[in-house]
>>> print(open('structure_12.cif').read())   # mmCIF, C-alpha atoms (C1' of nucleotides)
data_query
loop_
_atom_site.label_atom_id
_atom_site.label_comp_id
_atom_site.auth_asym_id
_atom_site.auth_seq_id
_atom_site.Cartn_x
_atom_site.Cartn_y
_atom_site.Cartn_z
CA MET A 1 18.74 37.76 -1.18
CA LYS A 2 16.36 35.96 1.02
CA HIS A 3 14.63 34.30 -1.94
CA ASP A 4 17.70 33.51 -4.03
CA LEU A 5 17.52 29.76 -3.60
CA LEU A 6 13.82 29.68 -4.47
CA LEU A 7 14.26 31.93 -7.49
CA SER A 8 17.04 29.80 -8.87
CA ASN A 9 14.83 26.74 -8.33
CA ILE A 10 12.17 28.39 -10.47
CA ALA A 11 14.65 29.68 -13.03
CA ARG A 12 15.60 26.11 -13.83
CA HIS A 13 12.25 25.75 -15.61
CA ILE A 14 10.81 29.18 -16.46
CA SER A 15 12.13 32.74 -16.90
CA LEU A 16 10.58 35.57 -14.93
CA ASP A 17 11.02 39.30 -15.47
CA LYS A 18 11.41 41.69 -12.56
CA GLU A 19 7.73 42.46 -12.23
CA GLU A 20 6.68 38.81 -12.31
CA THR A 21 9.33 37.98 -9.74
CA GLU A 22 8.14 40.70 -7.42
CA TYR A 23 4.53 39.69 -7.80
CA PHE A 24 5.38 36.09 -7.04
CA ILE A 25 7.35 37.03 -3.94
CA SER A 26 4.50 39.24 -2.75
CA LEU A 27 2.28 36.14 -2.62
CA LEU A 28 4.61 34.22 -0.33
CA SER A 29 4.73 34.10 3.42
CA SER A 30 7.64 32.94 5.55
CA ARG A 31 7.59 30.56 8.41
CA THR A 32 10.28 29.19 10.67
CA LEU A 33 10.06 26.05 12.75
CA LYS A 34 12.17 24.77 15.57
CA LYS A 35 13.12 21.12 15.49
CA LYS A 36 10.25 18.82 16.53
CA ASN A 37 7.60 21.42 15.72
CA TYR A 38 4.93 20.83 13.12
CA LEU A 39 4.37 22.52 9.78
CA LEU A 40 1.10 20.60 9.47
CA GLU A 41 -0.75 18.26 11.79
CA ALA A 42 -3.10 15.47 10.80
CA GLY A 43 -6.70 16.67 11.02
CA GLN A 44 -5.93 20.24 10.02
CA PRO A 45 -6.79 21.77 6.65
CA CYS A 46 -3.74 22.07 4.45
CA THR A 47 -4.05 25.35 2.62
CA THR A 48 -0.45 25.92 1.55
CA ILE A 49 2.43 24.40 -0.35
CA SER A 50 5.85 25.02 1.18
CA TYR A 51 9.30 25.51 -0.27
CA VAL A 52 12.08 24.54 2.14
CA ASN A 53 14.68 27.31 2.19
CA GLU A 54 16.69 25.78 4.98
CA GLY A 55 16.33 22.78 7.29
CA PHE A 56 14.72 19.38 7.09
CA LEU A 57 11.09 18.20 7.14
CA ARG A 58 9.43 14.81 7.30
CA ALA A 59 5.86 14.04 6.17
CA TYR A 60 4.35 10.93 7.68
CA TYR A 61 1.12 9.07 8.17
CA ARG A 62 0.20 7.51 11.51
CA ASP A 63 -2.31 4.66 11.37
CA ALA A 64 -4.81 3.48 13.97
CA ASP A 65 -2.16 1.24 15.60
CA ASP A 66 0.25 4.19 15.92
CA ASN A 67 2.55 2.87 13.22
CA GLU A 68 4.21 5.69 11.33
CA THR A 69 4.98 5.54 7.62
CA THR A 70 7.16 8.30 6.23
CA ILE A 71 5.73 9.66 3.01
CA MET A 72 8.60 11.96 2.13
CA PHE A 73 11.52 13.95 3.42
CA ALA A 74 12.22 17.51 2.28
CA VAL A 75 15.57 19.23 2.61
CA ALA A 76 16.50 22.69 1.33
CA ASP A 77 15.30 23.39 -2.23
CA TRP A 78 12.43 20.89 -2.02
CA TRP A 79 8.69 21.56 -2.19
CA ILE A 80 6.38 19.82 0.25
CA THR A 81 2.72 19.65 1.22
CA ASP A 82 0.04 17.04 1.81
CA MET A 83 -0.86 17.13 -1.87
CA THR A 84 -4.04 15.09 -1.47
CA CYS A 85 -5.40 17.53 1.06
CA PHE A 86 -4.04 20.59 -0.77
CA VAL A 87 -5.70 19.58 -4.03
CA ASN A 88 -9.02 18.40 -2.64
CA GLN A 89 -9.28 20.94 0.18
CA THR A 90 -9.92 18.20 2.71
CA LEU A 91 -8.47 17.72 6.18
CA SER A 92 -4.94 16.43 6.26
CA ILE A 93 -4.29 12.78 7.02
CA THR A 94 -0.55 13.34 7.25
CA SER A 95 1.66 15.34 9.57
CA ILE A 96 4.75 17.30 8.59
CA GLU A 97 7.33 17.83 11.32
CA ALA A 98 10.64 19.64 11.39
CA ILE A 99 13.46 17.21 12.12
CA GLU A 100 15.90 20.14 12.12
CA ASP A 101 15.33 23.87 12.58
CA THR A 102 13.66 24.88 9.35
CA SER A 103 12.55 27.92 7.38
CA VAL A 104 10.05 27.73 4.53
CA PHE A 105 8.23 30.00 2.09
CA GLN A 106 4.56 29.23 1.74
CA LEU A 107 2.09 29.76 -1.06
CA THR A 108 -1.60 29.35 -0.31
CA LYS A 109 -3.90 27.61 -2.75
CA GLU A 110 -5.73 30.90 -3.36
CA ASN A 111 -2.50 32.73 -4.11
CA MET A 112 -1.41 29.92 -6.35
CA GLU A 113 -4.56 30.36 -8.44
CA ARG A 114 -3.99 34.12 -8.55
CA LEU A 115 -0.46 33.44 -9.68
CA PHE A 116 -1.66 31.12 -12.45
CA ILE A 117 -4.00 33.82 -13.72
CA LYS A 118 -1.50 36.64 -13.63
CA VAL A 119 1.62 34.67 -14.61
CA PRO A 120 0.48 31.58 -16.54
CA LYS A 121 4.08 30.44 -16.92
CA PHE A 122 3.74 29.10 -13.41
CA GLU A 123 1.36 26.45 -14.72
CA ARG A 124 4.37 25.16 -16.60
CA PHE A 125 6.58 25.34 -13.55
CA PHE A 126 4.18 23.37 -11.41
CA ARG A 127 3.43 20.96 -14.23
CA ILE A 128 7.11 20.06 -14.31
CA LEU A 129 7.23 19.87 -10.53
CA MET A 130 4.20 17.54 -10.42
CA GLN A 131 5.55 15.49 -13.30
CA ASN A 132 8.86 14.93 -11.51
CA SER A 133 7.03 14.09 -8.30
CA TYR A 134 4.89 11.58 -10.16
CA VAL A 135 7.93 9.92 -11.70
CA ARG A 136 9.62 9.71 -8.30
CA GLU A 137 6.59 8.19 -6.59
CA GLN A 138 6.06 5.70 -9.37
CA SER A 139 9.60 4.51 -9.14
CA ARG A 140 9.18 4.21 -5.38
CA VAL A 141 6.07 2.05 -5.87
CA LEU A 142 8.03 -0.17 -8.21
CA GLN A 143 10.94 -0.54 -5.79
CA THR A 144 8.67 -1.17 -2.85
CA LEU A 145 6.82 -3.90 -4.69
CA SER A 146 9.73 -5.59 -6.39
CA LEU A 147 12.73 -5.31 -4.06
CA PRO A 148 13.36 -6.90 -0.65
CA ALA A 149 14.05 -4.59 2.27
CA GLU A 150 17.83 -4.86 2.11
CA GLU A 151 17.95 -3.74 -1.50
CA ARG A 152 15.51 -0.93 -0.83
CA TYR A 153 17.81 0.23 1.94
CA THR A 154 20.96 0.21 -0.18
CA ALA A 155 19.06 1.89 -3.04
CA PHE A 156 17.96 4.60 -0.62
CA LEU A 157 21.52 5.19 0.60
CA LYS A 158 22.70 5.42 -2.98
CA LYS A 159 19.92 7.76 -4.15
CA TYR A 160 20.01 10.10 -1.15
CA PRO A 161 23.45 9.76 0.43
CA SER A 162 23.48 13.20 2.01
CA ILE A 163 19.95 12.91 3.36
CA ALA A 164 20.55 9.49 4.89
CA GLY A 165 23.35 10.84 7.06
CA ARG A 166 20.99 13.30 8.71
CA LEU A 167 18.36 10.71 9.61
CA THR A 168 18.02 8.23 12.45
CA GLN A 169 17.60 4.58 11.53
CA LYS A 170 14.09 4.71 12.87
CA GLN A 171 13.24 7.44 10.37
CA ILE A 172 14.83 5.54 7.50
CA ALA A 173 12.98 2.37 8.52
CA SER A 174 9.65 4.21 8.49
CA TYR A 175 10.41 5.43 4.95
CA LEU A 176 11.30 1.92 3.77
CA GLY A 177 8.22 0.41 5.39
CA ILE A 178 10.10 -1.87 7.80
CA THR A 179 10.63 -1.93 11.56
CA PRO A 180 13.71 -0.28 13.10
CA GLU A 181 14.65 -3.67 14.59
CA PHE A 182 14.75 -5.25 11.18
CA LEU A 183 16.77 -2.39 9.72
CA SER A 184 19.28 -2.99 12.48
CA VAL A 185 19.55 -6.63 11.41
CA ILE A 186 19.93 -5.62 7.76
CA ARG A 187 22.78 -3.27 8.64
CA LYS A 188 24.52 -6.00 10.59
CA ASN A 189 24.23 -8.37 7.63
CA ILE A 190 25.60 -5.77 5.26
CA SER A 191 28.60 -4.99 7.46
CA LYS A 192 29.34 -8.70 7.83
CA GLY A 193 29.15 -9.21 4.07
CA ASN A 194 31.43 -6.26 3.41
CA VAL A 195 34.30 -7.46 5.60
CA SER A 196 37.10 -8.11 3.13
CA MET B 1 -17.29 12.24 -33.02
CA LYS B 2 -14.20 10.17 -32.92
CA HIS B 3 -12.60 12.46 -30.35
CA ASP B 4 -15.64 13.15 -28.20
CA LEU B 5 -14.46 11.19 -25.19
CA LEU B 6 -11.04 12.83 -25.26
CA LEU B 7 -12.46 16.32 -25.70
CA SER B 8 -14.79 15.89 -22.78
CA ASN B 9 -11.84 14.65 -20.72
CA ILE B 10 -10.02 17.88 -21.52
CA ALA B 11 -13.10 20.03 -21.05
CA ARG B 12 -13.24 18.93 -17.43
CA HIS B 13 -10.22 21.15 -16.78
CA ILE B 14 -9.82 23.74 -19.55
CA SER B 15 -12.03 25.33 -22.23
CA LEU B 16 -10.97 25.27 -25.86
CA ASP B 17 -12.38 27.24 -28.77
CA LYS B 18 -12.93 25.68 -32.17
CA GLU B 19 -9.54 26.62 -33.53
CA GLU B 20 -7.64 25.36 -30.51
CA THR B 21 -9.58 22.13 -30.61
CA GLU B 22 -8.77 21.58 -34.24
CA TYR B 23 -5.12 22.37 -33.73
CA PHE B 24 -4.93 19.94 -30.85
CA ILE B 25 -6.59 17.18 -32.85
CA SER B 26 -4.23 17.81 -35.76
CA LEU B 27 -1.33 16.91 -33.47
CA LEU B 28 -2.73 13.52 -32.55
CA SER B 29 -2.27 10.18 -34.23
CA SER B 30 -4.44 7.11 -33.80
CA ARG B 31 -3.36 3.61 -33.13
CA THR B 32 -5.25 0.38 -32.61
CA LEU B 33 -3.95 -2.72 -30.92
CA LYS B 34 -5.23 -6.26 -30.84
CA LYS B 35 -5.24 -8.03 -27.50
CA LYS B 36 -1.74 -9.19 -26.42
CA ASN B 37 0.02 -6.69 -28.68
CA TYR B 38 2.32 -4.03 -27.36
CA LEU B 39 1.93 -0.27 -27.30
CA LEU B 40 5.49 -0.01 -25.97
CA GLU B 41 8.18 -2.58 -25.33
CA ALA B 42 11.00 -2.35 -22.79
CA GLY B 43 14.17 -1.12 -24.48
CA GLN B 44 12.40 1.10 -26.98
CA PRO B 45 12.33 4.90 -26.80
CA CYS B 46 9.01 6.18 -25.56
CA THR B 47 8.21 9.26 -27.59
CA THR B 48 4.46 9.54 -27.03
CA ILE B 49 1.80 9.80 -24.38
CA SER B 50 -1.41 7.91 -25.14
CA TYR B 51 -5.05 8.52 -24.35
CA VAL B 52 -7.11 5.32 -24.25
CA ASN B 53 -10.28 5.81 -26.28
CA GLU B 54 -11.40 2.23 -25.97
CA GLY B 55 -9.96 -0.97 -24.54
CA PHE B 56 -7.59 -1.89 -21.74
CA LEU B 57 -3.83 -1.54 -21.29
CA ARG B 58 -1.36 -2.73 -18.66
CA ALA B 59 2.06 -1.20 -18.00
CA TYR B 60 4.54 -3.46 -16.26
CA TYR B 61 8.16 -3.91 -15.37
CA ARG B 62 9.94 -7.24 -15.76
CA ASP B 63 13.01 -7.75 -13.59
CA ALA B 64 16.09 -9.87 -14.19
CA ASP B 65 14.38 -12.92 -12.64
CA ASP B 66 11.38 -12.52 -14.97
CA ASN B 67 9.09 -11.32 -12.20
CA GLU B 68 6.52 -8.86 -13.48
CA THR B 69 5.26 -5.91 -11.47
CA THR B 70 2.28 -4.06 -12.86
CA ILE B 71 2.82 -0.32 -12.71
CA MET B 72 -0.63 0.72 -13.86
CA PHE B 73 -3.72 -0.26 -15.77
CA ALA B 74 -5.45 2.10 -18.19
CA VAL B 75 -9.04 1.73 -19.33
CA ALA B 76 -10.99 4.10 -21.59
CA ASP B 77 -10.55 7.77 -20.67
CA TRP B 78 -7.14 7.23 -19.04
CA TRP B 79 -3.77 8.60 -20.10
CA ILE B 80 -0.75 6.32 -20.11
CA THR B 81 2.94 6.30 -20.97
CA ASP B 82 6.24 5.34 -19.38
CA MET B 83 6.53 8.78 -17.84
CA THR B 84 10.15 8.33 -16.74
CA CYS B 85 11.21 7.56 -20.27
CA PHE B 86 8.87 10.13 -21.84
CA VAL B 87 10.22 12.94 -19.66
CA ASN B 88 13.91 12.03 -19.79
CA GLN B 89 13.95 10.75 -23.38
CA THR B 90 15.62 7.55 -22.30
CA LEU B 91 14.88 3.96 -23.33
CA SER B 92 11.83 2.47 -21.72
CA ILE B 93 12.24 0.06 -18.84
CA THR B 94 8.56 -0.83 -18.87
CA SER B 95 6.28 -2.52 -21.39
CA ILE B 96 2.70 -1.60 -22.16
CA GLU B 97 0.51 -4.37 -23.52
CA ALA B 98 -3.10 -4.47 -24.63
CA ILE B 99 -5.09 -6.86 -22.46
CA GLU B 100 -8.15 -6.21 -24.63
CA ASP B 101 -8.47 -4.84 -28.16
CA THR B 102 -7.61 -1.18 -27.73
CA SER B 103 -7.61 2.13 -29.60
CA VAL B 104 -5.61 5.13 -28.45
CA PHE B 105 -4.79 8.68 -29.52
CA GLN B 106 -1.14 9.58 -29.23
CA LEU B 107 0.68 12.83 -28.72
CA THR B 108 4.42 12.94 -29.27
CA LYS B 109 6.69 14.87 -26.95
CA GLU B 110 7.55 17.30 -29.78
CA ASN B 111 3.88 17.92 -30.53
CA MET B 112 3.20 18.36 -26.85
CA GLU B 113 5.80 21.13 -26.71
CA ARG B 114 4.30 22.73 -29.84
CA LEU B 115 0.91 22.54 -28.18
CA PHE B 116 2.22 24.21 -25.02
CA ILE B 117 3.62 27.08 -27.11
CA LYS B 118 0.51 27.61 -29.22
CA VAL B 119 -2.12 26.81 -26.57
CA PRO B 120 -0.55 27.42 -23.14
CA LYS B 121 -3.77 26.36 -21.45
CA PHE B 122 -2.58 22.81 -22.00
CA GLU B 123 0.16 23.42 -19.45
CA ARG B 124 -2.68 23.71 -16.97
CA PHE B 125 -4.37 20.61 -18.25
CA PHE B 126 -1.28 18.50 -17.94
CA ARG B 127 -0.38 20.08 -14.62
CA ILE B 128 -3.67 18.84 -13.24
CA LEU B 129 -3.18 15.46 -14.87
CA MET B 130 0.31 15.10 -13.36
CA GLN B 131 -0.91 16.37 -10.01
CA ASN B 132 -3.66 13.75 -9.87
CA SER B 133 -1.22 11.07 -10.96
CA TYR B 134 1.18 12.12 -8.22
CA VAL B 135 -1.56 11.98 -5.58
CA ARG B 136 -2.60 8.52 -6.77
CA GLU B 137 0.92 7.14 -6.73
CA GLN B 138 1.64 8.60 -3.33
CA SER B 139 -1.42 6.98 -1.86
CA ARG B 140 -0.37 3.71 -3.48
CA VAL B 141 3.06 3.98 -1.85
CA LEU B 142 1.39 4.54 1.49
CA GLN B 143 -0.94 1.57 1.09
CA THR B 144 1.84 -0.69 -0.11
CA LEU B 145 4.01 0.19 2.87
CA SER B 146 1.39 0.21 5.58
CA LEU B 147 -1.20 -2.44 4.67
CA PRO B 148 -0.90 -6.23 4.53
CA ALA B 149 -1.68 -7.93 1.24
CA GLU B 150 -5.26 -8.87 2.10
CA GLU B 151 -6.20 -5.29 2.89
CA ARG B 152 -4.46 -4.03 -0.24
CA TYR B 153 -6.56 -6.51 -2.22
CA THR B 154 -9.88 -5.46 -0.71
CA ALA B 155 -8.92 -1.79 -1.09
CA PHE B 156 -8.16 -2.43 -4.76
CA LEU B 157 -11.54 -4.12 -5.32
CA LYS B 158 -13.26 -1.22 -3.63
CA LYS B 159 -11.36 1.51 -5.52
CA TYR B 160 -11.58 -0.10 -8.97
CA PRO B 161 -14.55 -2.49 -8.90
CA SER B 162 -15.21 -2.37 -12.64
CA ILE B 163 -11.54 -2.78 -13.55
CA ALA B 164 -11.04 -5.73 -11.23
CA GLY B 165 -13.72 -7.73 -13.04
CA ARG B 166 -11.82 -7.49 -16.30
CA LEU B 167 -8.53 -8.74 -14.86
CA THR B 168 -7.13 -12.17 -14.11
CA GLN B 169 -5.97 -12.88 -10.58
CA LYS B 170 -2.44 -13.09 -11.86
CA GLN B 171 -2.70 -9.53 -13.16
CA ILE B 172 -4.18 -8.27 -9.91
CA ALA B 173 -1.46 -10.06 -7.93
CA SER B 174 1.26 -8.40 -10.00
CA TYR B 175 -0.31 -5.00 -9.27
CA LEU B 176 -0.47 -5.72 -5.53
CA GLY B 177 3.10 -7.01 -5.46
CA ILE B 178 2.24 -10.55 -4.35
CA THR B 179 2.33 -13.97 -6.01
CA PRO B 180 -0.80 -15.36 -7.72
CA GLU B 181 -0.62 -18.34 -5.35
CA PHE B 182 -0.81 -16.10 -2.35
CA LEU B 183 -3.70 -14.09 -3.81
CA SER B 184 -5.54 -17.37 -4.24
CA VAL B 185 -5.04 -18.10 -0.53
CA ILE B 186 -6.21 -14.60 0.39
CA ARG B 187 -9.40 -15.06 -1.62
CA LYS B 188 -10.08 -18.36 0.06
CA ASN B 189 -9.66 -16.76 3.49
CA ILE B 190 -12.00 -13.92 2.58
CA SER B 191 -14.72 -16.23 1.30
CA LYS B 192 -14.46 -18.36 4.44
CA GLY B 193 -14.71 -15.28 6.66
CA ASN B 194 -17.73 -14.01 4.74
CA VAL B 195 -19.89 -17.11 5.18
CA SER B 196 -22.79 -15.92 7.33
"C1'" DC C 1 24.57 12.89 36.17
"C1'" DG C 2 20.20 11.15 35.04
"C1'" DT C 3 16.53 10.53 31.79
"C1'" DC C 4 14.73 9.59 27.51
"C1'" DT C 5 15.02 7.68 23.14
"C1'" DA C 6 17.52 5.00 19.65
"C1'" DT C 7 19.76 0.84 18.64
"C1'" DT C 8 21.04 -3.93 19.19
"C1'" DT C 9 20.14 -8.68 20.10
"C1'" DG C 10 17.45 -12.87 20.41
"C1'" DA C 11 13.41 -15.95 20.62
"C1'" DA C 12 8.97 -16.86 19.01
"C1'" DT C 13 5.58 -15.89 15.57
"C1'" DG C 14 3.33 -14.50 11.37
"C1'" DT C 15 3.25 -13.23 6.61
"C1'" DA C 16 4.36 -14.24 2.13
"C1'" DC C 17 7.25 -17.01 -1.21
"C1'" DT C 18 8.94 -21.22 -3.71
"C1'" DC C 19 8.21 -25.37 -5.72
"C1'" DA C 20 5.37 -28.97 -7.24
"C1'" DA C 21 1.28 -31.14 -8.58
"C1'" DA C 22 -3.58 -31.24 -9.68
"C1'" DA C 23 -7.74 -29.18 -11.28
"C1'" DG C 24 -10.20 -25.69 -14.01
"C1'" DC C 25 -10.96 -22.91 -18.08
"C1'" DG C 26 -10.62 -20.82 -22.59
"C1'" DG C 27 -9.31 -20.78 -27.06
"C1'" DT C 28 -8.00 -23.16 -31.31
"C1'" DG C 29 -7.74 -26.51 -34.89
"C1'" DG C 30 -9.39 -30.53 -36.79
"C1'" DC D 1 -18.60 -29.77 -31.86
"C1'" DC D 2 -15.18 -31.86 -29.47
"C1'" DA D 3 -10.52 -32.74 -28.02
"C1'" DC D 4 -6.48 -30.96 -26.95
"C1'" DC D 5 -3.22 -27.53 -25.49
"C1'" DG D 6 -1.64 -23.90 -22.76
"C1'" DC D 7 -2.41 -20.93 -19.17
"C1'" DT D 8 -4.69 -19.79 -14.77
"C1'" DT D 9 -6.07 -21.09 -10.37
"C1'" DT D 10 -5.98 -24.02 -6.36
"C1'" DT D 11 -3.79 -26.63 -2.81
"C1'" DG D 12 -0.13 -28.07 0.25
"C1'" DA D 13 4.48 -28.62 2.25
"C1'" DG D 14 8.62 -26.49 3.28
"C1'" DT D 15 11.21 -22.19 3.60
"C1'" DA D 16 12.51 -17.33 3.85
"C1'" DC D 17 11.60 -12.74 5.05
"C1'" DA D 18 9.99 -9.62 8.33
"C1'" DT D 19 7.41 -8.62 12.75
"C1'" DT D 20 6.52 -8.66 17.72
"C1'" DC D 21 7.93 -8.56 22.21
"C1'" DA D 22 11.32 -8.16 25.64
"C1'" DA D 23 15.57 -6.93 27.55
"C1'" DA D 24 20.13 -5.04 27.39
"C1'" DT D 25 23.20 -1.45 25.63
"C1'" DA D 26 24.40 2.81 23.71
"C1'" DG D 27 23.75 7.74 22.71
"C1'" DA D 28 21.85 12.35 23.03
"C1'" DC D 29 20.42 16.08 25.57
"C1'" DG D 30 19.20 18.92 29.32
#
>>> encode(input="structure_12.cif", output="structure tokens")
Amino acid sequence: MKHDLLLSNIARHISLDKEETEYFISLLSSRTLKKKNYLLEAGQPCTTISYVNEGFLRAYYRDADDNETTIMFAVADWWITDMTCFVNQTLSITSIEAIEDTSVFQLTKENMERLFIKVPKFERFFRILMQNSYVREQSRVLQTLSLPAEERYTAFLKKYPSIAGRLTQKQIASYLGITPEFLSVIRKNISKGNVS
Amino acid sequence: MKHDLLLSNIARHISLDKEETEYFISLLSSRTLKKKNYLLEAGQPCTTISYVNEGFLRAYYRDADDNETTIMFAVADWWITDMTCFVNQTLSITSIEAIEDTSVFQLTKENMERLFIKVPKFERFFRILMQNSYVREQSRVLQTLSLPAEERYTAFLKKYPSIAGRLTQKQIASYLGITPEFLSVIRKNISKGNVS
DNA sequence: CGTCTATTTGAATGTACTCAAAAGCGGTGG
DNA sequence: CCACCGCTTTTGAGTACATTCAAATAGACG
């Protein structure tokens, strides 16, 4: 019931029997967040990886001048953590906030290792997850380096049409690496150009 | 002998017995490339992932206006492929050229799947490899979006000091997403600032 | 209704690019 | 070994893209 979405996410890559499924679920904890609350704050240790069951999260980095850069968004059926901190067991440099009321299932690093020992198939699952994440980030690097802001914006709208509608322009701008003022100008230019 | 460097790379994450090692090696093929030759050209299918035993490779994307963006460099002990194309079995959009005489060991996608079936430990190995690649790319996205070109350049020198010395400024510029002319200006500014 | 934040607009500025020309450097053939 | 060729690097002028700052407007939420 409660874990249906998560289990179908996993079933896309590996098959679990009843016992494995139950063991996996026993390692999870649930957490709910009201809008504007934090799943993780910069400076804290990041001991878990989270699966979004419902809601909307944003991971961002805030630099010394208070400029925010959005690292990723996560809607339902997405996995999210500060991977750098999760892997290296360091303190987080990013924050993850709920931009809508959200519920997640969390797996700690320790439980993940237990899971790998008891159900090695999960190595495959997370390999595929990491592989897809790598491909996504690499294509984002390429776009960021080779496309001007306007094309990055239209590419973003095209790639994530449903996500874009749930974001403010400020949030989109911080993901594209531009100022909200400039995104406003871009949108004006686009709407001018599109008048037929 | 021949595979020592590769086997020690793998041994950093998983332990193999003699039989597993031999099976793994039996799945590999070798390839050598003279400087300026291509491991992979845009438009070709990318069926293998390569481990650099010796030499220096550069993966890049060339856009419609002939601008090149360097996706990654790979020196000895690094793995490289066009991961997008390797995973999705599509035609490559990137090219990989040897910028020094290079020798690699290659694993095809089919052999990789055989390896996963016969020696599931390799799922773990590649999970860790993908995970590290993801972390690296994500931090590159963050730097690209939040730092000006001069700071990206100094960060690059600091992170990869030995690699930087083997590259032309044009190659570094294409990795940083700036023009060679502008990198030249940046270097002049830095050397002025550093006069004591 | 009032307050707070997001968005728009514009002027001034800064960062990075384009184009062009000159200088430097490395490799190759005679 | 030297001379030449092609490519890289430097330099500069002009331009384009994007930011900063400020102020006005619009929206969202209690």
>>> closest_residue(input="structure_12.cif", among="A:Arg127, A:Arg187, A:Lys118, A:Arg12", to="chain C", atoms="all atoms listed in the file")
A:Arg187
>>> closest_residue(input="structure_12.cif", among="B:Ser184, B:Thr70, B:Ser191, B:Thr179", to="chain D", atoms="only C-alpha atoms (C1' of nucleotides)")
B:Ser184
>>> resolve_selection(input="structure_12.cif", expression="the PyMOL selection byres ((chain D) within 9 of (chain A))", output="short mmCIF file (atom, residue, chain, number, x, y, z; two decimals) with C-alpha atoms (C1' of nucleotides), in the coordinates of the input")
data_model
loop_
_atom_site.label_atom_id
_atom_site.label_comp_id
_atom_site.auth_asym_id
_atom_site.auth_seq_id
_atom_site.Cartn_x
_atom_site.Cartn_y
_atom_site.Cartn_z
"C1'" DC D 17 11.60 -12.74 5.05
"C1'" DA D 18 9.99 -9.62 8.33
"C1'" DT D 19 7.41 -8.62 12.75
#
>>> resolve_selection(input="structure_12.cif", expression="the PyMOL selection byres ((chain B) within 9 of (chain A))", output="tab-separated table (two decimals) with C-alpha atoms, in the frame of the given file")
chain	number	residue	atom	x	y	z
B	61	TYR	CA	8.16	-3.91	-15.37
B	63	ASP	CA	13.01	-7.75	-13.59
B	67	ASN	CA	9.09	-11.32	-12.20
B	68	GLU	CA	6.52	-8.86	-13.48
B	69	THR	CA	5.26	-5.91	-11.47
B	70	THR	CA	2.28	-4.06	-12.86
B	71	ILE	CA	2.82	-0.32	-12.71
B	83	MET	CA	6.53	8.78	-17.84
B	84	THR	CA	10.15	8.33	-16.74
B	87	VAL	CA	10.22	12.94	-19.66
B	116	PHE	CA	2.22	24.21	-25.02
B	120	PRO	CA	-0.55	27.42	-23.14
B	121	LYS	CA	-3.77	26.36	-21.45
B	123	GLU	CA	0.16	23.42	-19.45
B	124	ARG	CA	-2.68	23.71	-16.97
B	125	PHE	CA	-4.37	20.61	-18.25
B	126	PHE	CA	-1.28	18.50	-17.94
B	127	ARG	CA	-0.38	20.08	-14.62
B	128	ILE	CA	-3.67	18.84	-13.24
B	129	LEU	CA	-3.18	15.46	-14.87
B	130	MET	CA	0.31	15.10	-13.36
B	131	GLN	CA	-0.91	16.37	-10.01
B	132	ASN	CA	-3.66	13.75	-9.87
B	133	SER	CA	-1.22	11.07	-10.96
B	134	TYR	CA	1.18	12.12	-8.22
B	135	VAL	CA	-1.56	11.98	-5.58
B	136	ARG	CA	-2.60	8.52	-6.77
B	137	GLU	CA	0.92	7.14	-6.73
B	138	GLN	CA	1.64	8.60	-3.33
B	139	SER	CA	-1.42	6.98	-1.86
B	140	ARG	CA	-0.37	3.71	-3.48
B	141	VAL	CA	3.06	3.98	-1.85
B	142	LEU	CA	1.39	4.54	1.49
B	144	THR	CA	1.84	-0.69	-0.11
B	145	LEU	CA	4.01	0.19	2.87
B	146	SER	CA	1.39	0.21	5.58
B	174	SER	CA	1.26	-8.40	-10.00
B	175	TYR	CA	-0.31	-5.00	-9.27
B	176	LEU	CA	-0.47	-5.72	-5.53
B	177	GLY	CA	3.10	-7.01	-5.46
B	178	ILE	CA	2.24	-10.55	-4.35
>>> residues_around(input="structure_12.cif", residues="Asn111 of chain B", least_positions_apart="4", cutoff="8 Å", atoms="only C-alpha atoms (C1' of nucleotides)", output="list in words")
Leu27, Leu107 and Leu115 of chain B
>>> write_last_selection(input="structure_12.cif", atoms="C-alpha atoms", output="compact mmCIF listing (two decimals), in the coordinates of the input")
# COMPACT_ATOMS: atom_id res chain seq x y z
CA LEU B 27 -1.33 16.91 -33.47
CA LEU B 107 0.68 12.83 -28.72
CA LEU B 115 0.91 22.54 -28.18
>>> atom_distance(input="structure_12.cif", atom1="atom CA of Ile49 of chain A", atom2="atom CA of Lys109 of chain A")
7.5 Å
>>> resolve_selection(input="structure_12.cif", expression="the PyMOL selection byres ((chain C) within 10 of (chain B))", output="ChimeraX atom specification")
/C:15-17
>>> residues_around(input="structure_12.cif", residues="DC29 of chain D", least_positions_apart="3", cutoff="12 Å", atoms="all atoms listed in the file", output="MDAnalysis selection string")
chainID C and resid 1:5
>>> write_last_selection(input="structure_12.cif", atoms="C-alpha atoms (C1' of nucleotides)", output="PDB file, keeping the file's coordinate frame")
ATOM      1  C1'  DC C   1      24.570  12.890  36.170  1.00  0.00           C
ATOM      2  C1'  DG C   2      20.200  11.150  35.040  1.00  0.00           C
ATOM      3  C1'  DT C   3      16.530  10.530  31.790  1.00  0.00           C
ATOM      4  C1'  DC C   4      14.730   9.590  27.510  1.00  0.00           C
ATOM      5  C1'  DT C   5      15.020   7.680  23.140  1.00  0.00           C
TER       6       DT C   5
END
>>> atom_distance(input="structure_12.cif", atom1="atom CA of Ile25 of chain A", atom2="atom CA of His3 of chain A")
8.0 Å
>>> atom_distance(input="structure_12.cif", atom1="atom CA of Phe73 of chain B", atom2="atom CA of Glu151 of chain B")
19.5 Å
>>> closest_residue(input="structure_12.cif", among="C:DT28, C:DA21, C:DA12, C:DA6", to="DA3 of chain D", atoms="all atoms listed in the file")
C:DT28
